[in-house]
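Q: Okay, so here is start.cif, and as you'll see once you scroll down, it has mmCIF, C-alpha atoms.
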```cif
data_input
loop_
_atom_site.label_atom_id
_atom_site.label_comp_id
_atom_site.auth_asym_id
_atom_site.auth_seq_id
_atom_site.Cartn_x
_atom_site.Cartn_y
_atom_site.Cartn_z
CA MET A 1 -4.48 -12.91 13.43
CA THR A 2 -1.48 -10.75 14.36
CA THR A 3 0.87 -12.90 12.29
CA ALA A 4 -1.43 -12.88 9.25
CA LEU A 5 -1.72 -9.11 9.38
CA ARG A 6 2.01 -8.61 9.88
CA GLU A 7 2.78 -10.76 6.83
CA ARG A 8 0.88 -8.29 4.63
CA LEU A 9 2.95 -5.30 5.76
CA ARG A 10 6.47 -4.13 4.87
CA ILE A 11 6.89 -2.79 8.37
CA PRO A 12 4.55 -3.05 11.40
CA VAL A 13 2.95 0.37 10.96
CA PHE A 14 -0.56 1.80 10.86
CA GLN A 15 -0.97 5.22 9.26
CA ALA A 16 -3.19 6.55 12.03
CA PRO A 17 -6.56 8.11 11.19
CA MET A 18 -6.40 11.91 11.54
CA PHE A 19 -9.42 14.17 11.70
CA LEU A 20 -9.59 16.35 8.54
CA GLN A 21 -6.20 15.09 7.31
CA SER A 22 -6.73 11.47 6.23
CA GLY A 23 -8.68 10.85 3.01
CA PRO A 24 -8.83 8.28 0.22
CA GLU A 25 -5.54 9.40 -1.35
CA MET A 26 -3.67 8.94 1.94
CA VAL A 27 -5.26 5.56 2.60
CA ILE A 28 -4.60 4.21 -0.89
CA ALA A 29 -1.00 5.48 -0.93
CA SER A 30 -0.34 3.96 2.50
CA CYS A 31 -1.74 0.56 1.55
CA ARG A 32 0.22 0.52 -1.69
CA ALA A 33 3.37 1.48 0.21
CA GLY A 34 2.90 -1.54 2.49
CA ILE A 35 1.39 -0.17 5.71
CA VAL A 36 -2.19 -0.08 7.00
CA GLY A 37 -3.95 3.03 5.68
CA SER A 38 -6.83 4.45 7.69
CA PHE A 39 -9.18 7.42 7.97
CA PRO A 40 -11.96 8.65 10.28
CA SER A 41 -15.36 8.12 8.68
CA VAL A 42 -16.40 11.65 9.64
CA ASN A 43 -13.73 13.12 7.37
CA ALA A 44 -16.25 12.47 4.60
CA ARG A 45 -18.68 15.36 5.05
CA THR A 46 -21.81 13.29 4.46
CA VAL A 47 -22.83 9.63 4.46
CA GLU A 48 -23.07 9.87 0.66
CA ASP A 49 -19.50 11.18 0.51
CA LEU A 50 -18.38 8.31 2.74
CA GLU A 51 -19.98 5.82 0.38
CA ARG A 52 -18.03 7.37 -2.51
CA TRP A 53 -14.79 7.28 -0.50
CA LEU A 54 -15.29 3.63 0.38
CA THR A 55 -16.01 2.79 -3.23
CA GLN A 56 -12.80 4.54 -4.27
CA ILE A 57 -10.68 2.88 -1.59
CA SER A 58 -12.06 -0.63 -2.00
CA SER A 59 -11.69 -0.50 -5.79
CA SER A 60 -8.11 0.88 -5.62
CA VAL A 61 -6.57 -1.40 -2.97
CA SER A 62 -5.92 -5.00 -4.02
CA ASP A 63 -5.16 -8.15 -2.08
CA SER A 64 -1.47 -7.63 -2.83
CA ASP A 65 -1.54 -4.32 -0.92
CA ALA A 66 -1.72 -3.79 2.83
CA PRO A 67 -5.27 -3.75 4.25
CA TRP A 68 -7.15 -0.54 5.00
CA ALA A 69 -9.04 0.54 8.10
CA ILE A 70 -11.94 2.83 8.90
CA ASN A 71 -12.06 4.74 12.19
CA LEU A 72 -15.53 5.11 13.73
CA MET A 73 -16.13 7.72 16.43
CA MET A 74 -18.67 6.06 18.69
CA HIS A 75 -19.37 9.04 20.98
CA ARG A 76 -23.05 10.03 21.10
CA SER A 77 -22.21 13.49 19.71
CA ASN A 78 -21.45 11.76 16.39
CA GLN A 79 -24.98 11.35 15.10
CA ARG A 80 -23.70 9.51 12.01
CA ARG A 81 -22.09 6.67 13.89
CA HIS A 82 -24.79 4.10 13.08
CA ASP A 83 -24.91 5.00 9.38
CA ASP A 84 -21.12 4.92 9.16
CA LEU A 85 -20.98 1.52 10.84
CA ALA A 86 -23.54 0.22 8.35
CA LEU A 87 -21.33 1.36 5.47
CA ALA A 88 -18.23 -0.20 7.05
CA GLU A 89 -20.22 -3.42 7.26
CA ARG A 90 -21.49 -3.14 3.67
CA PHE A 91 -18.01 -2.55 2.26
CA GLN A 92 -16.54 -5.16 4.62
CA ALA A 93 -13.80 -2.90 5.93
CA PRO A 94 -10.86 -5.22 6.69
CA ILE A 95 -10.14 -3.36 9.93
CA VAL A 96 -12.48 -1.20 12.01
CA ILE A 97 -10.99 1.04 14.70
CA THR A 98 -13.47 2.47 17.19
CA ALA A 99 -12.70 5.57 19.24
CA LEU A 100 -14.28 7.87 21.83
CA GLY A 101 -16.99 5.44 22.83
CA SER A 102 -17.78 1.79 23.41
CA PRO A 103 -17.00 -0.65 20.57
CA ARG A 104 -19.67 -3.07 21.78
CA GLU A 105 -22.32 -2.40 19.13
CA ALA A 106 -19.75 -2.81 16.34
CA VAL A 107 -18.02 -6.00 17.49
CA GLU A 108 -20.56 -8.61 16.43
CA ARG A 109 -21.28 -6.89 13.09
CA VAL A 110 -17.61 -6.65 12.13
CA HIS A 111 -16.91 -10.22 13.19
CA ALA A 112 -19.91 -11.44 11.18
CA TYR A 113 -18.21 -10.59 7.88
CA GLY A 114 -14.73 -11.62 9.05
CA GLY A 115 -13.29 -8.19 9.81
CA ILE A 116 -10.86 -7.22 12.56
CA ILE A 117 -12.06 -4.73 15.18
CA LEU A 118 -9.72 -2.70 17.35
CA ALA A 119 -10.55 -0.17 20.06
CA ASP A 120 -8.64 3.07 20.51
CA VAL A 121 -8.09 3.52 24.29
CA ILE A 122 -6.24 6.03 26.46
CA ASP A 123 -6.02 4.20 29.79
CA ILE A 124 -6.31 0.82 31.47
CA ARG A 125 -9.95 1.39 32.44
CA PHE A 126 -11.09 1.88 28.85
CA ALA A 127 -8.85 -0.98 27.75
CA ALA A 128 -10.57 -3.36 30.16
CA LYS A 129 -14.02 -2.34 28.88
CA ALA A 130 -12.97 -2.85 25.27
CA ILE A 131 -11.50 -6.28 26.00
CA GLU A 132 -14.70 -7.27 27.78
CA ALA A 133 -16.69 -6.11 24.73
CA GLY A 134 -14.83 -8.64 22.58
CA VAL A 135 -12.49 -6.59 20.41
CA ASP A 136 -9.62 -8.30 18.59
CA GLY A 137 -7.04 -5.82 19.80
CA LEU A 138 -6.29 -2.44 21.29
CA VAL A 139 -4.80 0.77 19.98
CA LEU A 140 -2.99 2.27 22.97
CA VAL A 141 -2.94 6.05 22.57
CA ALA A 142 -0.15 7.09 24.89
CA ALA A 143 1.23 10.48 25.94
CA GLY A 144 2.63 12.49 23.06
CA ALA A 145 0.05 11.48 20.45
CA GLY A 146 -1.28 14.15 18.11
CA GLY A 147 -4.89 15.21 18.49
CA HIS A 148 -6.79 13.36 21.20
CA THR A 149 -4.16 11.86 23.44
CA GLY A 150 -3.62 9.73 26.48
CA GLN A 151 -1.57 10.88 29.44
CA GLN A 152 0.28 7.66 30.24
CA SER A 153 3.78 6.88 28.99
CA GLY A 154 3.86 4.24 26.26
CA PHE A 155 6.49 2.35 28.27
CA ALA A 156 4.15 2.04 31.25
CA PHE A 157 0.97 1.58 29.20
CA VAL A 158 2.18 -1.41 27.16
CA GLU A 159 3.77 -3.06 30.18
CA GLU A 160 0.60 -2.78 32.24
CA ILE A 161 -1.64 -4.09 29.44
CA ARG A 162 0.68 -6.99 28.61
CA ARG A 163 0.54 -8.22 32.21
CA HIS A 164 -2.94 -9.60 31.51
CA TYR A 165 -3.62 -9.31 27.76
CA ASP A 166 -1.97 -11.18 24.90
CA GLY A 167 -4.14 -9.85 22.05
CA LEU A 168 -3.12 -7.56 19.21
CA LEU A 169 -1.59 -4.28 20.41
CA VAL A 170 -0.93 -1.12 18.44
CA LEU A 171 1.00 1.66 20.21
CA GLY A 172 0.74 5.34 19.36
CA GLY A 173 2.20 8.48 20.86
CA GLY A 174 5.23 10.40 19.58
CA ILE A 175 6.31 7.64 17.17
CA THR A 176 7.83 9.19 14.05
CA THR A 177 10.81 7.11 12.93
CA GLY A 178 11.61 3.49 12.12
CA ARG A 179 13.73 3.35 15.28
CA ALA A 180 10.67 4.26 17.32
CA VAL A 181 8.61 1.62 15.51
CA ARG A 182 11.19 -0.98 16.49
CA ALA A 183 11.15 0.33 20.07
CA ALA A 184 7.38 -0.18 20.19
CA GLU A 185 7.93 -3.83 19.26
CA VAL A 186 10.58 -4.25 21.93
CA LEU A 187 8.14 -2.86 24.49
CA GLY A 188 5.64 -5.57 23.57
CA ALA A 189 3.41 -3.91 20.98
CA ASP A 190 2.75 -5.66 17.67
CA PHE A 191 2.37 -2.52 15.56
CA ALA A 192 3.06 1.22 15.77
CA TYR A 193 0.50 3.97 15.13
CA LEU A 194 1.93 6.97 13.24
CA GLY A 195 -0.22 10.01 12.58
CA THR A 196 1.78 13.21 12.80
CA ARG A 197 4.46 11.96 10.40
CA PHE A 198 1.81 11.70 7.69
CA ILE A 199 0.42 15.21 8.17
CA ALA A 200 3.53 16.40 6.32
CA SER A 201 2.89 14.15 3.33
CA GLU A 202 1.93 15.03 -0.21
CA GLU A 203 -1.25 12.97 0.08
CA SER A 204 -2.44 14.63 3.30
CA MET A 205 -5.53 16.85 3.08
CA ALA A 206 -3.83 19.32 5.46
CA ASP A 207 -3.43 22.95 4.44
CA PRO A 208 0.11 23.54 3.05
CA ALA A 209 0.71 26.01 5.91
CA TYR A 210 -0.22 23.28 8.38
CA LYS A 211 2.28 20.90 6.80
CA GLN A 212 4.99 23.56 6.97
CA MET A 213 4.19 24.29 10.61
CA VAL A 214 4.70 20.60 11.40
CA VAL A 215 8.06 20.63 9.59
CA GLU A 216 9.20 23.73 11.49
CA ALA A 217 7.93 22.68 14.93
CA SER A 218 9.75 20.96 17.79
CA GLY A 219 8.38 19.05 20.74
CA ALA A 220 8.37 22.28 22.75
CA ASP A 221 5.74 23.66 20.35
CA ILE A 222 3.10 21.10 21.38
CA VAL A 223 0.41 22.21 23.86
CA CYS A 224 -1.96 19.75 25.53
CA SER A 225 -5.42 21.14 26.29
CA ASP A 226 -9.03 20.01 26.63
CA ALA A 227 -10.38 23.53 26.03
CA LEU A 228 -11.40 22.99 22.42
CA THR A 229 -13.12 19.61 22.32
CA GLY A 230 -13.57 18.68 25.97
CA VAL A 231 -11.00 15.90 25.55
CA LYS A 232 -7.25 16.18 26.14
CA ALA A 233 -5.57 16.86 22.81
CA ASN A 234 -2.17 18.02 21.58
CA TRP A 235 -2.09 21.19 19.49
CA LEU A 236 0.53 23.21 17.65
CA ARG A 237 1.31 26.31 19.71
CA ALA A 238 1.53 28.64 16.72
CA SER A 239 -1.93 27.62 15.49
CA LEU A 240 -3.43 28.26 18.94
CA GLU A 241 -1.88 31.72 18.98
CA ALA A 242 -3.11 32.46 15.45
CA ALA A 243 -6.63 31.52 16.56
CA GLY A 244 -6.49 33.95 19.48
CA TYR A 245 -5.67 31.57 22.33
CA ASP A 246 -3.00 32.11 24.97
CA PRO A 247 -1.27 28.71 25.23
CA ALA A 248 -0.14 29.55 28.78
CA ASN A 249 -3.71 30.30 29.89
CA MET A 250 -6.08 28.04 28.01
CA PRO A 251 -9.81 28.14 28.85
CA GLN A 252 -11.47 25.47 30.94
CA ALA A 253 -12.50 22.20 29.33
CA GLY A 254 -15.10 22.55 26.61
CA GLU A 255 -18.18 20.39 26.21
CA ILE A 256 -17.32 17.08 24.57
CA ASP A 257 -18.38 17.50 20.97
CA ILE A 258 -16.06 15.86 18.49
CA ILE A 259 -17.37 17.32 15.26
CA LYS A 260 -19.09 20.67 15.74
CA SER A 261 -17.33 24.02 15.85
CA SER A 262 -17.19 26.45 18.76
CA GLY A 263 -16.24 30.09 19.23
CA ASP A 264 -14.46 32.18 16.65
CA ALA A 265 -12.08 29.47 15.52
CA LYS A 266 -13.29 26.21 14.04
CA ARG A 267 -11.94 23.35 16.11
CA TRP A 268 -9.46 21.21 14.19
CA ARG A 269 -9.78 23.32 11.02
CA ASP A 270 -8.16 26.51 12.30
CA VAL A 271 -6.36 25.04 15.32
CA TRP A 272 -4.00 22.32 14.19
CA ALA A 273 -3.16 19.13 16.04
CA ALA A 274 0.20 17.38 16.12
CA GLY A 275 2.13 15.00 18.35
CA GLN A 276 5.38 15.38 20.22
CA GLY A 277 7.29 13.61 17.46
CA VAL A 278 7.26 16.72 15.23
CA GLY A 279 10.92 17.40 16.01
CA ALA A 280 11.96 14.45 13.82
CA ILE A 281 10.08 15.69 10.74
CA ASP A 282 12.19 17.76 8.33
CA GLU A 283 10.27 17.92 5.07
CA VAL A 284 7.05 17.17 3.22
CA LEU A 285 7.40 13.89 1.29
CA SER A 286 5.21 11.43 -0.54
CA ILE A 287 3.89 8.58 1.57
CA ALA A 288 5.92 6.16 -0.54
CA ALA A 289 9.10 8.07 0.36
CA ILE A 290 8.12 8.28 4.04
CA VAL A 291 7.57 4.52 4.23
CA ASP A 292 10.88 3.88 2.44
CA GLU A 293 12.65 5.93 5.11
CA LEU A 294 10.72 4.26 7.93
CA GLU A 295 11.70 0.86 6.58
CA ARG A 296 15.35 1.85 6.29
CA THR A 297 15.61 3.13 9.87
CA TYR A 298 13.45 0.26 11.20
CA LYS A 299 15.72 -2.36 9.66
CA ALA A 300 18.83 -0.55 10.87
CA ALA A 301 17.47 -0.52 14.42
CA LYS A 302 16.50 -4.19 14.20
CA GLU A 303 20.03 -5.16 13.15
CA ARG A 304 21.71 -3.38 16.06
#
```
Can you dump the structure from the file as structure tokens?
A:
Amino acid sequence: MTTALRERLRIPVFQAPMFLQSGPEMVIASCRAGIVGSFPSVNARTVEDLERWLTQISSSVSDSDAPWAINLMMHRSNQRRHDDLALAERFQAPIVITALGSPREAVERVHAYGGIILADVIDIRFAAKAIEAGVDGLVLVAAGAGGHTGQQSGFAFVEEIRRHYDGLLVLGGGITTGRAVRAAEVLGADFAYLGTRFIASEESMADPAYKQMVVEASGADIVCSDALTGVKANWLRASLEAAGYDPANMPQAGEIDIIKSSGDAKRWRDVWAAGQGVGAIDEVLSIAAIVDELERTYKAAKER
């Protein structure tokens, strides 16, 4: 399975699904550029919108392109999760990535049509549960990832998982360049998960000011807090300040609610997420140009 997927990609990269940033244009451009394109199902405002998005994606990506993936948030606060899973099943999404909840109810349905199912996990405990549920692989969200993030170093996380698991592994967390993609392979991962790099892309749905903030930011501008969504997430300091937060004195953890808004600032819309790899991003480019650069630096690192 890992080999078959790798053979369809120019480089071993997933464009990671990003809440409110990843849409059909990003997915299609990523697949055509030779990497896995993905998006969270809840980025489509309604189930009807999601059906239109899936129609657009499935009709625009051919067998000669890289496969696409849909990200399903399985937490109970996502009341659409069953409807979204049904659409993923109907459109036979090549790859389903579950997050923030158990993948168990999706595993058999995805396998029934021949799809690949991966579980997004932030620690060894969740990884063990996902493996037991029968997933085909794991997305290890390590420290430094944009948005919802793990707290464990990617070096330690991959090593610990690989001691007892030989399935497909995707590593995310601060990976921005082709050199870092190669490093993920050396660690023992099969693929790298890049989200933040694609915020500053022409195809991203991000506000232009958000894209520019990513370009101008450094790793020191990333603040980790669970105050907004109840789950640890990495945010751009300047966006927190603009929304009225004091990054040095963030409120206590909020109630876990992935989609709804809270307080004066809309979570995710007005407060912008990014990973620690922002310091390696210098300009807004097309996804095709980003992948070209990733391939160049990946190959250079591989030849060293």
Q: Have a look at CA of Asp136 in chain A and CA of Leu20 in chain A and let me know their distance in Å, one decimal.
A: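 Spanning CA of Asp136 in chain A to CA of Leu20 in chain A is a straight-line distance of 26.6 Å.
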Q: Hey, can you check how far CA of Gln212 in chain A sits from CA of Ala243 in chain A?
A: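 So the answer is 17.0 Å.
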Q: For Ala143 in chain A, find every residue with an atom within 6 Å (counting all atoms listed in the file), except residues of its own chain fewer than 4 positions away, and show them as a PDB file with C-alpha atoms, keeping the file's coordinate frame.
A:
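After the write, result_7.pdb holds the following:
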```
ATOM      1  CA  GLY A 150      -3.620   9.730  26.480  1.00  0.00           C
ATOM      2  CA  GLN A 151      -1.570  10.880  29.440  1.00  0.00           C
ATOM      3  CA  GLN A 152       0.280   7.660  30.240  1.00  0.00           C
ATOM      4  CA  SER A 153       3.780   6.880  28.990  1.00  0.00           C
ATOM      5  CA  GLY A 173       2.200   8.480  20.860  1.00  0.00           C
TER       6      GLY A 173
END
```
Q: Provide the CA of Leu140 in chain A to CA of Val170 in chain A distance in Å, to one decimal place.
A: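 Pair CA of Leu140 in chain A / CA of Val170 in chain A returns 6.0 Å.
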Q: Taking into account all atoms listed in the file, which residue in the set A:Glu293, A:Asp226, A:Glu108, A:Asp190 is nearest to Val139 in chain A?
A: A:Asp190
Q: Closest to Tyr165 in chain A among A:Ala280, A:Gly188, A:Asp120, A:Asn71, using all atoms listed in the file?
A: A:Gly188
Q: Mind telling me what the PyMOL selection byres ((chain A and resi 110) around 12) catches here, as a short mmCIF file (atom, residue, chain, number, x, y, z; two decimals) with C-alpha atoms, keeping the file's coordinate frame?
A:
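Final output, saved to selection01.cif:
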```
data_model
loop_
_atom_site.label_atom_id
_atom_site.label_comp_id
_atom_site.auth_asym_id
_atom_site.auth_seq_id
_atom_site.Cartn_x
_atom_site.Cartn_y
_atom_site.Cartn_z
CA ALA A 69 -9.04 0.54 8.10
CA ILE A 70 -11.94 2.83 8.90
CA LEU A 85 -20.98 1.52 10.84
CA ALA A 86 -23.54 0.22 8.35
CA LEU A 87 -21.33 1.36 5.47
CA ALA A 88 -18.23 -0.20 7.05
CA GLU A 89 -20.22 -3.42 7.26
CA ARG A 90 -21.49 -3.14 3.67
CA PHE A 91 -18.01 -2.55 2.26
CA GLN A 92 -16.54 -5.16 4.62
CA ALA A 93 -13.80 -2.90 5.93
CA PRO A 94 -10.86 -5.22 6.69
CA ILE A 95 -10.14 -3.36 9.93
CA VAL A 96 -12.48 -1.20 12.01
CA ILE A 97 -10.99 1.04 14.70
CA THR A 98 -13.47 2.47 17.19
CA PRO A 103 -17.00 -0.65 20.57
CA ARG A 104 -19.67 -3.07 21.78
CA GLU A 105 -22.32 -2.40 19.13
CA ALA A 106 -19.75 -2.81 16.34
CA VAL A 107 -18.02 -6.00 17.49
CA GLU A 108 -20.56 -8.61 16.43
CA ARG A 109 -21.28 -6.89 13.09
CA HIS A 111 -16.91 -10.22 13.19
CA ALA A 112 -19.91 -11.44 11.18
CA TYR A 113 -18.21 -10.59 7.88
CA GLY A 114 -14.73 -11.62 9.05
CA GLY A 115 -13.29 -8.19 9.81
CA ILE A 116 -10.86 -7.22 12.56
CA ILE A 117 -12.06 -4.73 15.18
CA LEU A 118 -9.72 -2.70 17.35
CA GLY A 134 -14.83 -8.64 22.58
CA VAL A 135 -12.49 -6.59 20.41
CA ASP A 136 -9.62 -8.30 18.59
#
```
Q: So for range 47-53 of chain A, what box centre and size do we get, axis-aligned, 6 Å extra on each of the six sides, every listed atom, Å to one decimal, as AutoDock Vina command-line options?
A:
```
--center_x -18.9 --center_y 8.5 --center_z 1.0 --size_x 20.3 --size_y 17.4 --size_z 19.0
```
Q: Given all atoms listed in the file as the basis, pick out the residue of A:Ala66, A:Met74, A:Ala238, A:Ala274 nearest to Ala145 in chain A.
A: A:Ala274
Q: For Ser239 in chain A, which residue out of A:Ala253, A:Leu72, A:Ala289, A:Val223 is the nearest one, using only C-alpha atoms?
A: A:Val223
Q: My list of candidates is A:Ala44, A:Val36, A:Ile11, A:Val27. Which is closest to Ile57 in chain A when distances are computed with only C-alpha atoms?
A: A:Val27
Q: Excluding Phe155 in chain A and any residue of its chain fewer than 5 positions from it, enumerate the residues within 10 Å of it, using only C-alpha atoms, and give them as a PyMOL selection string.
A: chain A and resi 142-143+160+171+183-184+187-188
Q: How would the residues just chosen look if you wrote them out with C-alpha atoms as an mmCIF file, in the coordinates of the input?
A:
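As written to disk, part_22.cif reads:
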```
data_model
loop_
_atom_site.group_PDB
_atom_site.id
_atom_site.type_symbol
_atom_site.label_atom_id
_atom_site.label_comp_id
_atom_site.auth_asym_id
_atom_site.auth_seq_id
_atom_site.Cartn_x
_atom_site.Cartn_y
_atom_site.Cartn_z
ATOM 1 C CA ALA A 142 -0.150 7.090 24.890
ATOM 2 C CA ALA A 143 1.230 10.480 25.940
ATOM 3 C CA GLU A 160 0.600 -2.780 32.240
ATOM 4 C CA LEU A 171 1.000 1.660 20.210
ATOM 5 C CA ALA A 183 11.150 0.330 20.070
ATOM 6 C CA ALA A 184 7.380 -0.180 20.190
ATOM 7 C CA LEU A 187 8.140 -2.860 24.490
ATOM 8 C CA GLY A 188 5.640 -5.570 23.570
#
```
Q: Residues picked by the PyMOL selection byres ((chain A and resi 227) around 7) here, as a PyMOL selection string?
A: chain A and resi 225-226+228-230+250-254
Q: May I have the residues within 8 Å of Gly37 in chain A as a tab-separated table (two decimals) with C-alpha atoms, in the frame of the given file, using only C-alpha atoms and disregarding those fewer than 5 positions away in the same chain?
A:
```
chain	number	residue	atom	x	y	z
A	14	PHE	CA	-0.56	1.80	10.86
A	15	GLN	CA	-0.97	5.22	9.26
A	16	ALA	CA	-3.19	6.55	12.03
A	17	PRO	CA	-6.56	8.11	11.19
A	26	MET	CA	-3.67	8.94	1.94
A	27	VAL	CA	-5.26	5.56	2.60
A	28	ILE	CA	-4.60	4.21	-0.89
A	29	ALA	CA	-1.00	5.48	-0.93
A	30	SER	CA	-0.34	3.96	2.50
A	31	CYS	CA	-1.74	0.56	1.55
A	66	ALA	CA	-1.72	-3.79	2.83
A	67	PRO	CA	-5.27	-3.75	4.25
A	68	TRP	CA	-7.15	-0.54	5.00
A	69	ALA	CA	-9.04	0.54	8.10
```
Q: For Arg8 in chain A, which residue out of A:Ser64, A:Ser59, A:Arg52, A:Asn43 is the nearest one, using all atoms listed in the file?
A: A:Ser64
